[in-house]
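A short worksheet on the structure shown next.
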Amino acid sequence: MNIDDIKKEFPIFSNKVHNNDLVYLDSANSSQKPLVVVDRIYDFYTKEFSNVGRSVHYLAVAATNLYENTRTSVQKYINAKDKNEIVFTKGATEAINLVASTFGQKYLKEGDEVLVTELEHHSNYVPWHYLRKSKGIKIEFSEVNENGEVTLESIEKKITKKTKIIAITHLSNVTGAILPVKEITKLAHSKGIPVLIDGCQSAPHLKLDMQDLGCDFYAISCHKMYGPTGLGILYAKKKWLEELPPYQGGGGMIGEVKKEDITYGDLPNKFEAGTMATAQVIAFNESIKFLNKIGIDNIIKHENELIEYGQELLRKNNSVKLIGNPKNKGAVLSFTIGNIHPHDIATILDEDGVAIRAGHHCCQILHEKLGLVATARASLGVYNTKEDLDKLNSSINKCKKIFE
Amino acid sequence: MNIDDIKKEFPIFSNKVHNNDLVYLDSANSSQKPLVVVDRIYDFYTKEFSNVGRSVHYLAVAATNLYENTRTSVQKYINAKDKNEIVFTKGATEAINLVASTFGQKYLKEGDEVLVTELEHHSNYVPWHYLRKSKGIKIEFSEVNENGEVTLESIEKKITKKTKIIAITHLSNVTGAILPVKEITKLAHSKGIPVLIDGCQSAPHLKLDMQDLGCDFYAISCHKMYGPTGLGILYAKKKWLEELPPYQGGGGMIGEVKKEDITYGDLPNKFEAGTMATAQVIAFNESIKFLNKIGIDNIIKHENELIEYGQELLRKNNSVKLIGNPKNKGAVLSFTIGNIHPHDIATILDEDGVAIRAGHHCCQILHEKLGLVATARASLGVYNTKEDLDKLNSSINKCKKIFE
Amino acid sequence: MNLKELYQEIILDHGKNPRNLRKTDNFNKDAKGYNPLCGDKVHIYLKLNENKKVEDISFEGQGCAISMASASIMTSLIKGKEEKEVKEIIKDFLEMIKEKESLNTKLLEEDEKTKLMCLSGVKQYPMRVKCATLSWHTLISAIDKSQNEINIKSKEI
Amino acid sequence: MNLKELYQEIILDHGKNPRNLRKTDNFNKDAKGYNPLCGDKVHIYLKLNENKKVEDISFEGQGCAISMASASIMTSLIKGKEEKEVKEIIKDFLEMIKEKESLNTKLLEEDEKTKLMCLSGVKQYPMRVKCATLSWHTLISAIDKSQNEINIKSKEI
Ligand SMILES: Cc1ncc(COP(=O)(O)O)c(C=O)c1O
Ligand SMILES: Cc1ncc(COP(=O)(O)O)c(C=O)c1O
């Protein structure tokens with residue numbers, strides 16, 4: 001599969017937006033879906049549909065096998081040690097809530113500290129805030145520097161004897177900074193502190209290797225990874241899944257149920273209560289295959305070229321200000337244009353078919369730090385090209401004209 | 001749309017199972033999907049895909065409108081007072097967990113009682129069990145009678161001054177008993193006790209009217225209602241959604257986020273953290289349209305005929321024993337055949353393309369009460385016909401032969 | 001009206017030079033509005049005299065061109081009106097933005113209506129409708145003083 | 001082998017008249033197995049002599065024809081074997097059920113292997129594989145006494 005020609009795998013690009021070709025630069029929000037994934041959903045529902053894990057009839061057995069095949073594919077893709085370390089959730093948000101809730105319940109008490117960063121998405125802050133309210137824990141914030149990065153040092157500075165878990169993003173969805181998560185994990189482990197990584201933005205763009213990273217928890221959003229909506233993944237080391245109490249309760253996650261007491265099922269069932277997102281899990285296998293077919297090295301190379309190119313373009317465009325200048329930068333270009341409000345930018349660009357996002361991108365703390373209410377953000381996917389960035393740039397120029 | 005001819009709306013029925021026509025009798029587990037629903041998913045992903053609620057570009061705006069349209073359709077379908085009383089979840093299990101967790105957190109303390117029934121699905125017991133563990137509440141069980149019913153009286157008997165919430169199924173997924181939920185709600189409310197109804201099995205088969213029922217919470221599984229997997233609905237009276245604390249934390253559900261504190265968004269956003277199951281919600285609108293097109297009255301009539309017919313057939317078949325004989329019975333036929341283990345029955349029926357479920361159907365407490373480890377269950381959907389039940393019956397006869 | 005025209009008009013007229021962007025001295029009613037989705041903020045100050053007439057109205061805030069222009073136009077139309085009249089105008093505007101083709105109120109001059117109709121282009125952009133209506137919802141809550149802070153997300157539009 | 005044949009053979013041979021369905025007197029090892037999915041339960045009793053030879057083995061339990069037949073066949077094959085041999089047979093059986101075409105062990109006679117191979121028909125029914133393997137996993141845990149109760153769901157097969 002030639003990456004320069006990958007747009008044609010995505011049917012959405014044959015549609016027009018306001019009579020223009022779609023220039024989709026909102027992949028950090030959610031990625032478009034290749035045809036293979038959509039076809040898989042279609043075929044599953046029209047030819048093979050059944051619930052998994054419960055019935056013994058033909059369709060149920062086939063569906064269960066397909067469902068578990070995805071678990072194995074994910075395991076391999078992220079190089080987890082055991083397929084039962086892969087838990088399917090409804091999204092990364094649920095994955096993080098699962099950890100915060102169960103870890104908090106079992107291990108956190110008043111005065112304990114959870115260390116996050118100023119870069120965190122609300123999904124990696126609000127769940128910890130709940131524990132602040134319910135248990136009186138403290139939340140510490142590692143500082144972001146003027147390049148929009150969080151360094152190993154700034155993490156180290158905030159670790160205390162009371163730090164019980166470190167929860168950090170792998171790749172900032174605003175500045176694009178890639179955090180030194182492996183080093184942070186090593187440091188944390190040397191002090192006996194487990195690490196949760198919010199991998200929402202890294203998972204579609206970086207090479208994932210859980211055993212190499214060594215982290216304890218890793219949260220992924222499948223819909224940002226060329227997969228269906230309504231699906232996420234929690235990777236967690238087996239010992240944690242064994243030790244943590246279950247999260248939601250219901251069918252499929254139990255052992256024996258009596259009026260007086262209940263025992264729970266084994267991994268990963270213990271954390272997959274109720275009917276799961278069967279069709280989505282099964283289709284996500286195609287997303288993994290799609291990524292493997294292109295090859296993550298090719299994806300990284302392609303996207304790095306785009307980022308370079310895009311940064312260059314925007315830097316040269318006066319009154320455009322790039323937000324963050326990290327050395328290690330992922331597929332995100334956030335910017336402002338003079339005093340033009342980002343929502344106005346987004347609306348005007350949209351007229352040209354250029355889809356970007358404007359707002360605080362669920363990172364109010366970072367925006368407050370930056371002294372900005374909102375930013376405009378162009379984010380990239382495998383299907384983007386230099387022409388897309390050229391169109392972004394010329395549409396920005398139109399926008400500047402309107403507000404001149 | 002002629003209900004006797006509805007199978008052709010479901011593409012799965014043009015496939016063979018073990019070279020036989022598929023006789024799908026596992027709809028209580030999950031229903032098959034009409035083509036309109038699958039097509040909607042396909043079209044959305046290939047022509048219109050975007051995340052909702054966050055970006056202001058064309059696709060995002062269109063998707064957001066579609067997403068909210070489903071909320072309005074659901075509101076109308078279940079006759080809720082306000083569209084913001086509809087919360088999308090990943091399933092009924094999550095809907096019940098949401099209520100148990102947030103209600104428990106705010107209103108329950110040691111010694112308080114939650115009243116459930118012996119008919120409950122694990123999804124409506126395990127979440128309450130968590131509160132027993134964490135808060136020391138008690139769980140009381142209203143008894144099922146020899147017909148497999150739970151009566152108003154058996155509920156009344158178990159209500160005490162300490163009963164803080166009643167959580168009951170609307171339609172048993174094992175005996176098919178339809179509970180007098182309206183009367184139970186009235187009784188409960190006369191004592192100031194809120195009522196949660198597990199509507200998983202009723203939602204696809206009965207007329208839903210929240211304002212008439214008067215219940216406080218109602219949980220629905222969309223995948224049992226001819227909709228996509230990975231989607232459920234929590235109906236909750238507005239005052240509850242206002243008073244209860246949020247459940248999962250993350251993007252989209254917040255107001256203002258500061259390092260020291262967080263405020264939450266308004267209804268229903270407060271309970272919809274993170275990226276939701278966008279495509280599934282949008283496609284579910286087609287499920288509702290599909291149900292409306294047939295008309296719930298026609299569905300009820302059709303399914304009642306089938307239940308009558310099926311009961312008659314199985315009653316006449318000696319050594320087949322129907323489980324439960326409720327006066328008001330929904331689309332579920334559970335049975336045993338002599339000493340043949342239900343899993344053997346299911347496997348043998350499957351050879352003929354007859355898909356039923358065997359096991360405890362996530363109702364271990366009921367099975368213990370019945371003195372059975374497992375039962376076989378044939379459950380119905382709009383697409384079933386009398387011929388399906390004839391095939392079930394003749395396949396049962398084959399099975400008996402094998403074990404003669 | 002296409003969106004770029006909308007931007008031209010509003011920006012020329014109000015976005016760049018918002019009227020009444022200040023804090024009324026001795027205001028006797030006020031309320032804050034916030035749109036958590038885009039971070040728009042507005043604080044409306046109102047001075048009603050003993051006859052419930054708007055003696056002065058002003059606003060502070062930050063936001064996009066549409067929300068600033070909307071607040072600017074609103075404040076300039078509302079001054080001098082009676083509380084009852086203000087409510088009618090708000091209702092008319094919100095209905096127009098939501099569904100109606102035009103404004104029906106007799107309380108505004110034709111040229112005032114034309115100004116307001118400039119904002120109708122946002123109809124096609126539900127997310128931006130919230131920008132256009134934030135100050136109006138906030139004005140309601142200032143008058144009613146039912147809620148101190150209004151959170152636009154709860155509003156239909 | 002198609003499934004109905006499978007049912008015929010097993011049922012004729014063991015399902016209806018399970019061997020060793022009782023409780024060994026003076027057993028010195030035992031373990032319980034449970035499949036929460038279908039409610040199958042088995043309790044294996046083992047009497048090893050001083051040479052670690054299986055002097056007696058029996059089981060109690062309830063379950064489907066496949067799980068009962070599997071336990072019955074297993075117990076009749078295992079009697080008289082040494083612990084090490086038992087482990088080899090279990091391993092061979094589990095591998096066969098999971099992926100291999102046939103049984104490789106030299107510790108069983110051809111007719112014993114034929115009996116066991118009857119169970120291979122469940123391969124196409126992963127849910128039922130658990131029925132066929134429950135007693136075998138339970139036997140491992142009886143021998144190892146690592147876990148008292150074994151929960152089949154955790155096992156790959
Ligand atoms: C009565 C009942 N309650 C709850 C559930 C759980 O629903 P879900 O698995 O879709 O969350 C089911 C279905 O499995 C059910 O039948
Ligand atoms: C860095 C980061 N974390 C968490 C999330 C939440 O993911 P989801 O909304 O899919 O649950 C997102 C995306 O919205 C994100 O970008």
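Just remember, in the structure tokens the first chain shown is A, the second B, etc., residues are 1-based per chain, and ligands are 1-based in the order shown.
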### Task
With only C-alpha atoms and all ligand atoms counted, collect every polymer residue having an atom within 9 Å of ligand 2; state the result as a PyMOL selection string.
(chain A and resi 28-30+90-96+119-124+169-174+198-202+219-224+229-232+361-363) or (chain B and resi 250-252+273-276)
### Query
Excluding same-chain residues fewer than 5 positions from stretch 129-132 of chain D, what lies within 6 Å of it counting only C-alpha atoms, as a ChimeraX atom specification?
/D:66-67,70,122,157
### Task
Enter the distance from atom CA of B:Ile345 to atom CA of D:Asp13, in Å, rounded to one decimal.
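Atom CA of D:Asp13 lies 18.6 Å from atom CA of B:Ile345.
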### Task
Might you pull out every residue within 8 Å of A:His360, with only C-alpha atoms counted and same-chain residues fewer than 5 positions away left off, and present them as a PyMOL selection string?
(chain A and resi 367+373-375) or (chain C and resi 37-39)
Keeping only C-alpha atoms, write the selected residues to a file as an mmCIF file, in the first residue's frame.
```
data_model
loop_
_atom_site.group_PDB
_atom_site.id
_atom_site.type_symbol
_atom_site.label_atom_id
_atom_site.label_comp_id
_atom_site.auth_asym_id
_atom_site.auth_seq_id
_atom_site.Cartn_x
_atom_site.Cartn_y
_atom_site.Cartn_z
ATOM 1 C CA HIS A 367 -4.929 26.912 27.790
ATOM 2 C CA VAL A 373 -9.156 30.835 25.732
ATOM 3 C CA ALA A 374 -8.923 28.710 22.658
ATOM 4 C CA THR A 375 -6.622 27.656 19.863
ATOM 5 C CA LEU C 37 -17.546 24.368 24.539
ATOM 6 C CA CYS C 38 -15.626 27.296 23.127
ATOM 7 C CA GLY C 39 -14.749 29.308 26.196
#
```
### Task
Just need the residues of chain A within 6 Å of chain D, counting only C-alpha atoms, so spit them out as a PyMOL selection string.
chain A and resi 56+255+266
### Message
With distances taken over only C-alpha atoms and all ligand atoms, which residue among A:Met253, A:Ile6, A:Tyr58, A:Ser334 lies nearest ligand 1?
### Response
A:Met253
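With distances restricted to only C-alpha atoms, A:Val99 is the closest residue to chain B from A:Val99, A:Met210, A:Ile307, A:Ala80.
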### Query
Hey, can you check how far atom CA of A:Ile396 sits from atom CA of A:Tyr24?
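Separation of atom CA of A:Ile396 and atom CA of A:Tyr24: 14.7 Å.
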### Message
Quick one: residues within 8 Å of A:Phe284, only C-alpha atoms, excluding same-chain residues fewer than 2 positions away - as a ChimeraX atom specification?
### Response
/A:37,70,222,227-228,280-282,286-288
Export of the given selection (N, CA, C and O atoms) as an mmCIF file, in the first residue's frame:
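Wrote it out as selection_39.cif, contents follow:
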```cif
data_model
loop_
_atom_site.group_PDB
_atom_site.id
_atom_site.type_symbol
_atom_site.label_atom_id
_atom_site.label_comp_id
_atom_site.auth_asym_id
_atom_site.auth_seq_id
_atom_site.Cartn_x
_atom_site.Cartn_y
_atom_site.Cartn_z
ATOM 1 N N VAL A 37 -12.571 -1.340 7.105
ATOM 2 C CA VAL A 37 -13.183 -1.358 8.436
ATOM 3 C C VAL A 37 -14.703 -1.272 8.322
ATOM 4 O O VAL A 37 -15.438 -2.028 8.965
ATOM 5 N N THR A 70 -9.385 -10.248 17.605
ATOM 6 C CA THR A 70 -8.976 -8.848 17.705
ATOM 7 C C THR A 70 -8.115 -8.643 18.949
ATOM 8 O O THR A 70 -7.112 -7.924 18.913
ATOM 9 N N CYS A 222 -9.963 3.683 20.024
ATOM 10 C CA CYS A 222 -9.930 3.037 18.709
ATOM 11 C C CYS A 222 -10.421 3.950 17.595
ATOM 12 O O CYS A 222 -9.964 3.833 16.460
ATOM 13 N N GLY A 227 -10.408 3.155 13.582
ATOM 14 C CA GLY A 227 -11.380 2.137 13.985
ATOM 15 C C GLY A 227 -12.739 2.747 14.272
ATOM 16 O O GLY A 227 -12.927 3.964 14.178
ATOM 17 N N PRO A 228 -13.700 1.902 14.637
ATOM 18 C CA PRO A 228 -15.074 2.351 14.877
ATOM 19 C C PRO A 228 -15.204 3.204 16.138
ATOM 20 O O PRO A 228 -14.355 3.128 17.032
ATOM 21 N N GLN A 280 -17.861 -3.629 16.803
ATOM 22 C CA GLN A 280 -16.755 -2.681 16.775
ATOM 23 C C GLN A 280 -15.423 -3.383 17.047
ATOM 24 O O GLN A 280 -14.421 -3.095 16.398
ATOM 25 N N VAL A 281 -15.430 -4.264 18.027
ATOM 26 C CA VAL A 281 -14.202 -5.003 18.321
ATOM 27 C C VAL A 281 -13.783 -5.807 17.094
ATOM 28 O O VAL A 281 -12.618 -5.792 16.679
ATOM 29 N N ILE A 282 -14.742 -6.483 16.511
ATOM 30 C CA ILE A 282 -14.434 -7.333 15.360
ATOM 31 C C ILE A 282 -13.918 -6.500 14.192
ATOM 32 O O ILE A 282 -12.945 -6.866 13.522
ATOM 33 N N GLU A 286 -9.608 -5.052 11.515
ATOM 34 C CA GLU A 286 -9.267 -4.539 10.183
ATOM 35 C C GLU A 286 -8.446 -3.256 10.281
ATOM 36 O O GLU A 286 -7.608 -2.990 9.416
ATOM 37 N N SER A 287 -8.693 -2.468 11.294
ATOM 38 C CA SER A 287 -7.885 -1.248 11.486
ATOM 39 C C SER A 287 -6.437 -1.631 11.748
ATOM 40 O O SER A 287 -5.506 -1.026 11.206
ATOM 41 N N ILE A 288 -6.271 -2.640 12.592
ATOM 42 C CA ILE A 288 -4.918 -3.103 12.911
ATOM 43 C C ILE A 288 -4.243 -3.642 11.649
ATOM 44 O O ILE A 288 -3.091 -3.331 11.348
#
```
### Residue among B:Asn2, B:Thr175, B:Gln248, B:Ser142 lying closest to chain A, counting only C-alpha atoms
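Comparing B:Asn2, B:Thr175, B:Gln248, B:Ser142 against chain A, the winner is B:Gln248.
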#### Entry: Nearest to ligand 1 by atom-to-atom distance, counting only C-alpha atoms and all ligand atoms, from B:Val23, B:Ile340, B:Ala203, B:Ala277
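Between B:Val23, B:Ile340, B:Ala203, B:Ala277, the residue approaching ligand 1 most closely is B:Ala203.
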### Task
Based on DSSP run over this structure's backbone, return all residues of stretch 195-283 of chain A in strand (DSSP E), as JSON, numbers by chain.
{"A": [195, 196, 197, 198, 217, 218, 219, 220, 221, 232, 233, 234, 235, 236, 254, 255, 256, 257, 262, 263, 264]}
